[in-house]
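Participant: Hey, dropping data.cif in here, mmCIF, C-alpha atoms:
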data_entry
loop_
_atom_site.group_PDB
_atom_site.id
_atom_site.type_symbol
_atom_site.label_atom_id
_atom_site.label_comp_id
_atom_site.auth_asym_id
_atom_site.auth_seq_id
_atom_site.Cartn_x
_atom_site.Cartn_y
_atom_site.Cartn_z
ATOM 1 C CA MET D 1 110.463 105.886 100.283
ATOM 2 C CA TYR D 2 107.418 105.840 102.532
ATOM 3 C CA THR D 3 104.867 103.117 101.922
ATOM 4 C CA VAL D 4 102.103 105.613 101.063
ATOM 5 C CA ASP D 5 104.310 107.318 98.465
ATOM 6 C CA PHE D 6 105.200 103.935 96.986
ATOM 7 C CA LEU D 7 101.527 102.960 96.666
ATOM 8 C CA LEU D 8 100.645 106.333 95.135
ATOM 9 C CA SER D 9 103.425 105.883 92.570
ATOM 10 C CA ARG D 10 101.962 102.465 91.643
ATOM 11 C CA GLN D 11 98.488 103.977 91.185
ATOM 12 C CA VAL D 12 96.666 101.287 93.158
ATOM 13 C CA TRP D 13 93.726 101.770 95.471
ATOM 14 C CA PHE D 14 94.545 101.853 99.156
ATOM 15 C CA GLU D 15 93.042 103.397 102.241
ATOM 16 C CA PRO D 16 95.242 104.917 104.946
ATOM 17 C CA VAL D 17 93.767 104.410 108.408
ATOM 18 C CA LEU D 18 95.159 106.260 111.402
ATOM 19 C CA HIS D 19 94.629 104.527 114.736
ATOM 20 C CA SER D 20 95.987 104.420 118.270
ATOM 21 C CA PRO D 21 99.655 103.368 118.289
ATOM 22 C CA ALA D 22 99.892 99.590 117.983
ATOM 23 C CA ALA D 23 102.975 97.610 118.940
ATOM 24 C CA SER D 24 101.774 94.447 117.177
ATOM 25 C CA SER D 25 99.554 93.332 114.332
ATOM 26 C CA THR D 26 97.106 91.893 116.858
ATOM 27 C CA GLN D 27 96.775 95.315 118.468
ATOM 28 C CA ARG D 28 96.392 96.873 115.009
ATOM 29 C CA ALA D 29 93.491 94.498 114.271
ATOM 30 C CA HIS D 30 91.847 95.494 117.545
ATOM 31 C CA CYS D 31 92.380 99.240 116.975
ATOM 32 C CA MET D 32 91.021 99.049 113.430
ATOM 33 C CA HIS D 33 88.120 96.698 114.303
ATOM 34 C CA VAL D 34 89.256 94.159 111.717
ATOM 35 C CA PRO D 35 89.425 90.355 112.124
ATOM 36 C CA GLY D 36 92.992 89.294 112.895
ATOM 37 C CA ARG D 37 93.099 86.916 109.935
ATOM 38 C CA HIS D 38 92.719 89.968 107.621
ATOM 39 C CA VAL D 39 95.679 91.784 109.168
ATOM 40 C CA ALA D 40 99.032 90.895 107.657
ATOM 41 C CA LYS D 41 102.069 91.060 109.871
ATOM 42 C CA THR D 42 105.535 91.375 108.432
ATOM 43 C CA VAL D 43 108.526 89.658 109.966
ATOM 44 C CA LEU D 44 112.145 90.051 108.957
ATOM 45 C CA VAL D 45 114.091 86.787 108.922
ATOM 46 C CA LYS D 46 117.704 86.046 108.189
ATOM 47 C CA ALA D 47 118.158 83.100 105.844
ATOM 48 C CA GLY D 48 121.827 82.286 105.591
ATOM 49 C CA GLU D 49 123.522 85.553 104.602
ATOM 50 C CA ARG D 50 120.421 87.348 103.317
ATOM 51 C CA PHE D 51 117.377 88.970 104.845
ATOM 52 C CA VAL D 52 113.861 88.078 103.689
ATOM 53 C CA LEU D 53 110.508 89.705 104.498
ATOM 54 C CA VAL D 54 107.827 87.253 105.534
ATOM 55 C CA VAL D 55 104.139 88.251 105.364
ATOM 56 C CA LEU D 56 101.573 86.167 107.248
ATOM 57 C CA PRO D 57 98.257 86.563 109.093
ATOM 58 C CA SER D 58 98.463 88.202 112.511
ATOM 59 C CA THR D 59 96.743 85.097 113.902
ATOM 60 C CA SER D 60 99.635 82.848 112.852
ATOM 61 C CA ARG D 61 103.296 82.292 113.573
ATOM 62 C CA ILE D 62 106.147 81.196 111.325
ATOM 63 C CA ASP D 63 107.128 77.538 111.197
ATOM 64 C CA LEU D 64 110.852 78.075 110.593
ATOM 65 C CA GLY D 65 111.297 74.519 109.299
ATOM 66 C CA ARG D 66 108.643 74.936 106.611
ATOM 67 C CA LEU D 67 109.946 78.408 105.753
ATOM 68 C CA SER D 68 113.497 77.112 105.370
ATOM 69 C CA GLU D 69 112.239 74.425 102.954
ATOM 70 C CA LEU D 70 110.442 77.080 100.933
ATOM 71 C CA LEU D 71 113.599 79.198 100.839
ATOM 72 C CA GLY D 72 115.761 76.204 99.894
ATOM 73 C CA GLY D 73 117.966 76.242 102.991
ATOM 74 C CA SER D 74 118.354 74.299 106.172
ATOM 75 C CA ALA D 75 116.336 75.070 109.306
ATOM 76 C CA ASP D 76 119.447 76.025 111.283
ATOM 77 C CA GLU D 77 120.188 78.801 108.765
ATOM 78 C CA VAL D 78 116.834 80.587 109.202
ATOM 79 C CA ARG D 79 116.173 82.798 112.224
ATOM 80 C CA LEU D 80 114.197 85.857 113.212
ATOM 81 C CA ALA D 81 116.126 89.090 112.767
ATOM 82 C CA HIS D 82 117.434 90.917 115.815
ATOM 83 C CA ASP D 83 116.172 94.360 116.819
ATOM 84 C CA ASP D 84 119.396 96.085 115.737
ATOM 85 C CA GLU D 85 119.113 94.470 112.286
ATOM 86 C CA LEU D 86 115.559 95.822 111.947
ATOM 87 C CA VAL D 87 116.612 99.336 112.913
ATOM 88 C CA ASN D 88 119.514 99.291 110.447
ATOM 89 C CA LEU D 89 117.349 98.139 107.510
ATOM 90 C CA PHE D 90 114.157 100.116 108.120
ATOM 91 C CA THR D 91 115.584 103.574 108.742
ATOM 92 C CA ASP D 92 112.415 105.300 107.500
ATOM 93 C CA CYS D 93 110.214 103.476 110.033
ATOM 94 C CA GLN D 94 109.616 103.705 113.744
ATOM 95 C CA PRO D 95 111.629 101.045 115.592
ATOM 96 C CA GLY D 96 109.948 97.653 115.286
ATOM 97 C CA VAL D 97 107.734 98.637 112.334
ATOM 98 C CA VAL D 98 108.249 96.567 109.181
ATOM 99 C CA PRO D 99 106.140 97.350 106.070
ATOM 100 C CA PRO D 100 105.299 94.360 103.812
ATOM 101 C CA PHE D 101 107.109 95.703 100.748
ATOM 102 C CA GLY D 102 110.531 94.105 100.466
ATOM 103 C CA ARG D 103 110.852 95.725 97.055
ATOM 104 C CA LEU D 104 111.362 99.090 98.819
ATOM 105 C CA TYR D 105 114.365 97.712 100.723
ATOM 106 C CA ASN D 106 115.866 95.408 98.064
ATOM 107 C CA LEU D 107 114.602 92.350 99.925
ATOM 108 C CA ASP D 108 112.776 89.259 98.699
ATOM 109 C CA THR D 109 109.271 88.822 100.101
ATOM 110 C CA VAL D 110 107.539 85.562 100.977
ATOM 111 C CA PHE D 111 103.733 85.569 101.316
ATOM 112 C CA GLU D 112 101.723 83.018 103.297
ATOM 113 C CA SER D 113 99.287 81.222 100.984
ATOM 114 C CA SER D 114 96.435 81.292 103.527
ATOM 115 C CA LEU D 115 96.219 85.066 102.933
ATOM 116 C CA LEU D 116 95.156 84.397 99.331
ATOM 117 C CA ASP D 117 91.599 83.944 100.650
ATOM 118 C CA VAL D 118 91.520 87.501 102.030
ATOM 119 C CA ALA D 119 90.140 90.041 99.536
ATOM 120 C CA GLU D 120 91.513 93.110 101.357
ATOM 121 C CA LEU D 121 94.611 93.132 103.513
ATOM 122 C CA VAL D 122 95.350 95.480 106.378
ATOM 123 C CA PHE D 123 98.969 96.076 107.312
ATOM 124 C CA GLY D 124 101.206 98.642 108.924
ATOM 125 C CA GLY D 125 102.859 101.542 107.191
ATOM 126 C CA ASN D 126 105.950 103.284 108.517
ATOM 127 C CA THR D 127 104.665 104.199 111.984
ATOM 128 C CA ARG D 128 102.859 102.454 114.846
ATOM 129 C CA HIS D 129 99.703 104.521 114.309
ATOM 130 C CA GLU D 130 99.430 104.074 110.536
ATOM 131 C CA GLY D 131 97.418 101.238 109.049
ATOM 132 C CA LEU D 132 96.841 100.670 105.357
ATOM 133 C CA ARG D 133 94.093 98.696 103.654
ATOM 134 C CA MET D 134 94.426 97.490 100.068
ATOM 135 C CA ARG D 135 93.192 94.751 97.774
ATOM 136 C CA SER D 136 95.224 91.565 98.071
ATOM 137 C CA ALA D 137 95.358 91.232 94.288
ATOM 138 C CA ASP D 138 96.965 94.687 94.008
ATOM 139 C CA TYR D 139 99.503 93.844 96.718
ATOM 140 C CA LEU D 140 100.461 90.630 94.921
ATOM 141 C CA ALA D 141 100.710 92.425 91.562
ATOM 142 C CA ILE D 142 103.069 95.159 92.740
ATOM 143 C CA GLU D 143 105.162 93.149 95.223
ATOM 144 C CA GLU D 144 105.344 89.830 93.295
ATOM 145 C CA PRO D 145 106.237 87.801 96.396
ATOM 146 C CA ARG D 146 107.081 84.129 96.533
ATOM 147 C CA ILE D 147 103.948 82.354 97.801
ATOM 148 C CA GLY D 148 103.998 79.321 100.056
ATOM 149 C CA SER D 149 102.622 77.665 103.154
ATOM 150 C CA PHE D 150 104.839 78.257 106.180
ATOM 151 C CA ALA D 151 102.535 79.580 108.918
ATOM 152 C CA VAL D 152 100.730 77.798 111.719
ATOM 153 C CA PRO D 153 97.876 79.220 113.790
ATOM 154 C CA ILE D 154 98.743 80.723 117.140
ATOM 155 C CA ARG D 155 96.923 78.783 119.806
ATOM 156 C CA PRO D 156 95.002 80.970 122.227
ATOM 157 C CA SER D 157 96.760 81.109 125.551
ATOM 158 C CA ARG D 158 95.054 79.306 128.373
ATOM 159 C CA SER D 159 93.946 81.371 131.296
ATOM 160 C CA LEU D 160 96.332 81.181 134.189
ATOM 161 C CA PRO D 161 94.803 80.159 137.511
ATOM 162 C CA ALA D 162 94.162 83.026 139.876
ATOM 163 C CA LEU D 163 96.962 83.528 142.339
ATOM 164 C CA ALA D 164 96.113 82.550 145.873
ATOM 165 C CA GLN D 165 95.507 85.547 148.085
ATOM 166 C CA PRO D 166 97.494 85.692 151.315
ATOM 167 C CA ASP D 167 95.593 85.024 154.504
ATOM 168 C CA ARG D 168 95.249 88.442 156.141
ATOM 169 C CA ARG D 169 93.544 87.279 159.319
ATOM 170 C CA ALA D 170 95.392 87.994 162.499
ATOM 171 C CA GLY D 171 96.694 84.843 163.905
#
Will you turn the file into structure tokens for me?
Facilitator:
Amino acid sequence: MYTVDFLLSRQVWFEPVLHSPAASSTQRAHCMHVPGRHVAKTVLVKAGERFVLVVLPSTSRIDLGRLSELLGGSADEVRLAHDDELVNLFTDCQPGVVPPFGRLYNLDTVFESSLLDVAELVFGGNTRHEGLRMRSADYLAIEEPRIGSFAVPIRPSRSLPALAQPDRRAG
């Protein structure tokens, strides 16, 4: 079932927003002119023998150690899913796109607690050009995810020094 159809069936307010194709949640934030901390990215992880959807701000990354504690397993049993695993599970999505509704795919969902401060979330739908905006309270009510603290901010990358230009003088 497509994400939009699922939300319509739950009779919650949401706003579909079409934008330029975005390969990441950071690009989605830029395309939609939304602060990155309001854009939720969804990551599929494998925890032991099961898959789990993880929802966190686009400005953060997963601390696998903290996530494994939250899931009740050891850190060596939790890893990011491989591309082929994504494609096999999310057959109704463009490759690499993962909607934040584990319920649609019979998966548990874990939600980063820092997103509780965001009144409206923006996330991807089933394609790279489809964004959806909805109230966080509605998302939590229909998805009923496990909530915990497992994300750490992504540090801005430092600028690399300019490469030295070759000396083009005749010698």
Participant: Measuring atom to atom with all atoms listed in the file, identify which of D:Asp83, D:Val4, D:Ala47, D:Val52 is nearest to Leu107 in chain D.
Facilitator: D:Val52
Participant: Please evaluate the PyMOL selection byres ((chain D and resi 14) around 10) against the structure above and give the resulting residues as a PyMOL selection string.
Facilitator: chain D and resi 4+7-8+11-13+15-17+120-122+132-135+138-139
Participant: Could you save those same residues with C-alpha atoms as a short mmCIF file (atom, residue, chain, number, x, y, z; two decimals), in the frame of the given file?
Facilitator:
data_model
loop_
_atom_site.label_atom_id
_atom_site.label_comp_id
_atom_site.auth_asym_id
_atom_site.auth_seq_id
_atom_site.Cartn_x
_atom_site.Cartn_y
_atom_site.Cartn_z
CA VAL D 4 102.10 105.61 101.06
CA LEU D 7 101.53 102.96 96.67
CA LEU D 8 100.64 106.33 95.14
CA GLN D 11 98.49 103.98 91.18
CA VAL D 12 96.67 101.29 93.16
CA TRP D 13 93.73 101.77 95.47
CA GLU D 15 93.04 103.40 102.24
CA PRO D 16 95.24 104.92 104.95
CA VAL D 17 93.77 104.41 108.41
CA GLU D 120 91.51 93.11 101.36
CA LEU D 121 94.61 93.13 103.51
CA VAL D 122 95.35 95.48 106.38
CA LEU D 132 96.84 100.67 105.36
CA ARG D 133 94.09 98.70 103.65
CA MET D 134 94.43 97.49 100.07
CA ARG D 135 93.19 94.75 97.77
CA ASP D 138 96.96 94.69 94.01
CA TYR D 139 99.50 93.84 96.72
#
Participant: Under the rule that all atoms listed in the file are counted, which of D:Ser60, D:Ser149, D:Ser9, D:Thr3 is the nearest residue to Ser113 in chain D?
Facilitator: D:Ser149
Participant: Would you kindly return, as a ChimeraX atom specification, each protein, DNA or RNA residue with an atom no farther than 9 Å from any atom of Arg66 in chain D, considering only C-alpha atoms and excluding same-chain residues fewer than 4 positions away?
Facilitator: /D:62,70-71,75,149-151
Participant: Counting all atoms listed in the file, which of D:Leu53, D:Asp117, D:His129, D:Val98 gets nearest to Pro145 in chain D?
Facilitator: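 Of all the options, D:Leu53 lies closest to Pro145 in chain D.
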Participant: Which residue out of D:Arg128, D:Glu144, D:Gly48, D:Ile154 has the minimum interatomic distance to Arg103 in chain D when all atoms listed in the file are used?
Facilitator: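 Checking each candidate against Arg103 in chain D, we get D:Glu144 as the closest.
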Participant: Of the candidates D:Glu85, D:Tyr2, D:Arg10, D:Asp76, which shows the shortest atom-to-atom distance to Ala141 in chain D, using all atoms listed in the file?
Facilitator: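 Selected residue with least distance to Ala141 in chain D: D:Arg10.
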Participant: Would you compute the box with edges along x, y and z of the file around range 51-69 of chain D, including every atom the file lists for it and 5 Å extra on each side, and give its centre and edge lengths in Å to one decimal, as JSON?
Facilitator:
{"center_x": 107.1, "center_y": 82.1, "center_z": 108.4, "size_x": 30.6, "size_y": 25.3, "size_z": 20.9}
Participant: List as a PyMOL selection string the protein and nucleic acid residues near Thr91 in chain D, meaning an atom at most 12 Å away when all atoms listed in the file are counted, but skip any in the same chain fewer than 4 places from it.
Facilitator: chain D and resi 1-2+84-87+95-99+104-105+126-127
Participant: Using all atoms listed in the file, which of D:Ser74, D:Pro57, D:Ala40, D:Gly125 sits nearest Phe90 in chain D?
Facilitator: D:Gly125
Participant: Please determine the residues with any atom at most 9 Å from (103.4, 88.1, 102.6) (coordinates as given in the file, with only C-alpha atoms counting) and report them as a PyMOL selection string.
Facilitator: chain D and resi 40-42+53-57+100-101+109-113+115+140+145-147
Participant: Evaluating the PyMOL selection byres ((chain D and resi 49) around 12) on the displayed file yields which residues, as a PyMOL selection string?
Facilitator: chain D and resi 45-48+50-52+73+77-79+81
Participant: Limited to C-alpha atoms, could you put the picked residues into a file as a compact mmCIF listing (two decimals), in the frame of the given file?
Facilitator:
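Below is the file part09.txt, written as the result:
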# COMPACT_ATOMS: atom_id res chain seq x y z
CA VAL D 45 114.09 86.79 108.92
CA LYS D 46 117.70 86.05 108.19
CA ALA D 47 118.16 83.10 105.84
CA GLY D 48 121.83 82.29 105.59
CA ARG D 50 120.42 87.35 103.32
CA PHE D 51 117.38 88.97 104.84
CA VAL D 52 113.86 88.08 103.69
CA GLY D 73 117.97 76.24 102.99
CA GLU D 77 120.19 78.80 108.76
CA VAL D 78 116.83 80.59 109.20
CA ARG D 79 116.17 82.80 112.22
CA ALA D 81 116.13 89.09 112.77
Participant: Which value, in Å to one decimal, gives the distance between CA of Asp63 in chain D and CA of Glu130 in chain D?
Facilitator: 27.6 Å
